[in-house]
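**Q** Here it is, the structure in full.
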Amino acid sequence: VLTTKRFLRNLQLLCWRTISEQTREISTLMIRLVVTIVFSLIIAGMYSNVGYTQKAIANRTGLLFVISINQGFNALIAVLNVFPKEKLIVSRERSANAYDVLSYFMAKFVCELPLNVLPCVVFGSILYFIVGLNPGAGNFFVFLGALMLEASTAIALGLVVSAAAPTVEAAIDFGPLTLIISLLFGGFFINLQSLPVVAEWLPNLSFLRWTFGSL
């Protein structure tokens with residue numbers, strides 16, 4: 001009982017601290033949103049009224065893969081630029097037995113998730129209707145749901161890479177590499193059926209593959 005109470009108390013305090021830190025970074029979030037809006041308008045302009053003809057298939061396929069790459073990269077880089085700088089403080093507090101890893105991870109992930117998935121919601125909302133993807137509210141929300149799940153996965157991957165990397169520089173260097181590996185086995189650049197036997201399991205680890213397939 002005491003362990004549970006301590007865990008919940010730590011979780012409450014860590015959530016409060018995480019939210020306080022996020023409120024001080026409103027200007028950074030606003031910049032991200034402006035960049036997201038501009039980028040979504042550029043892509044939407046390129047693919048506007050893509051149509052439903054046979055020729056439009058290649059354009060739609062390319063668009064969906066561009067969306068998968070963009071949203072995964074944005075969410076991953078956002079974490080890599082922030083979390084490694086906190087590692088020293090977290091390690092010091094953990095060595096003092098201030099809290100456990102689970103409570104920190106839950107507070108960090110849950111409290112930052114709304115702000116991290118907000119750019120992909122804005123991006124998807126602008127692009128979906130300008131391009132003219134499948135009509136219907138149900139299809140639109142499935143589209144946004146896929147992007148939000150991808151962002152959540154990329155955030156978790158960013159936390160793993162940041163925690164494992166010895167320095168901030170190493171995390172920033174290694175993080176994009178994991179995305180490139182996921183990109184190579186995403187099913188767009190190569191037919192997954194033609195992969196060597198020893199590499200057949202790798203596409204299952206590619207979150208870009210699952211995002212692209214769901215879109």
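Letters for chains follow the order of the structure tokens (A, B, ...), residue numbers begin at 1 for each chain, and ligand numbers begin at 1 in the order shown.
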What lies within 7 Å of stretch 131-148 of chain A using only C-alpha atoms, ignoring chain neighbours under 2 positions off, as a tab-separated table (two decimals) with C-alpha atoms, in the first residue's frame?

**A**
```tsv
chain	number	residue	atom	x	y	z
A	44	ALA	CA	-1.48	20.18	-50.07
A	47	TYR	CA	-1.30	17.33	-54.44
A	48	SER	CA	-4.46	19.47	-54.48
A	49	ASN	CA	-7.44	17.82	-56.16
A	50	VAL	CA	-5.40	14.76	-56.91
A	117	VAL	CA	0.41	15.02	-31.35
A	120	CYS	CA	0.07	16.07	-36.62
A	121	VAL	CA	-3.63	16.85	-36.02
A	124	GLY	CA	-3.69	16.19	-41.17
A	127	LEU	CA	-3.99	18.49	-45.86
A	128	TYR	CA	-6.87	15.99	-45.88
A	129	PHE	CA	-9.53	18.27	-47.33
A	150	GLU	CA	2.46	7.02	-35.39
A	151	ALA	CA	3.46	10.12	-33.42
A	152	SER	CA	3.05	8.21	-30.15
A	211	THR	CA	1.48	3.71	-40.77
A	214	SER	CA	-3.06	1.90	-42.50
A	215	LEU	CA	-3.21	5.14	-44.47
```

**Q** Can you tell me which residues surround A:Tyr99 at a distance of at most 8 Å, considering only C-alpha atoms, apart from same-chain residues fewer than 5 positions away, and format the answer as a PyMOL selection string?

**A** chain A and resi 7+10+93-94+104

**Q** Print the selection's residues with C-alpha atoms to a file, as a PDB file, in the first residue's frame.

**A**
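File again.pdb, as written:
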```
ATOM      1  CA  PHE A   7       4.131   5.775  -6.791  1.00  0.00           C
ATOM      2  CA  ASN A  10       5.532  10.676  -7.439  1.00  0.00           C
ATOM      3  CA  GLU A  93      17.273  12.450  -8.923  1.00  0.00           C
ATOM      4  CA  ARG A  94      17.054   8.714  -9.582  1.00  0.00           C
ATOM      5  CA  TYR A 104       8.821   9.300 -14.612  1.00  0.00           C
TER       6      TYR A 104
END
```

**Q** Using only C-alpha atoms, which of A:Leu208, A:Val198, A:Met30, A:Val161 sits nearest A:Ile180?

**A**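 Checking each of A:Leu208, A:Val198, A:Met30, A:Val161 against A:Ile180, counting only C-alpha atoms, the winner is A:Leu208.
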
**Q** Among chain A, which ones does DSSP assign to helix (DSSP H, G or I) (computed from the backbone)? Answer as a PyMOL selection string.

**A** chain A and resi 2-23+26-46+56-80+83-95+101-131+137-164+168-184+192-194+197-199+202-205+207-214

**Q** Could you give me, as CSV, every stretch 7-36 of chain A residue with an atom at most 12 Å from stretch 59-74 of chain A, plus its closest atom pair and distance in Å to one decimal, counting only C-alpha atoms, rows ordered by chain then number?

**A**
```
residue,atom,partner,partner_atom,distance
A:Arg32,CA,A:Asn74,CA,9.3
A:Leu33,CA,A:Asn74,CA,11.3
A:Val35,CA,A:Asn74,CA,10.7
A:Thr36,CA,A:Asn74,CA,9.4
```

**Q** For A:Leu76, which residue among A:Glu200, A:Asp100, A:Glu21, A:Asp173 is the nearest when counting only C-alpha atoms?

**A**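 Distance minimum relative to A:Leu76 lands on A:Asp173.
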
**Q** Pick out the residues sitting within 12 Å of A:Val160, and hand them over as a PyMOL selection string; count only C-alpha atoms, and ignore anything fewer than 6 positions along from it in its own chain.

**A** chain A and resi 76+79-80+83-84+87+105+109+153-154+166+171+174-175+178

**Q** Measure the distance from atom CA of A:Asn81 to atom CA of A:Ala164 in Å and round it to one decimal.

**A**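 Value for the atom CA of A:Asn81-atom CA of A:Ala164 distance: 14.6 Å.
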
**Q** Mind pulling up the distance from atom CA of A:Trp210 to atom CA of A:Ile130?

**A** 24.4 Å

**Q** Between A:Ser194, A:Thr53, A:Thr28, A:Ser103, single out the one closest to A:Gln12, counting only C-alpha atoms.

**A** A:Ser103

**Q** Pick the closest to A:Phe189 from A:Gly158, A:Cys15, A:Asn204, A:Arg209: which is it, counting only C-alpha atoms?

**A**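 Result for the nearest residue to A:Phe189: A:Arg209.
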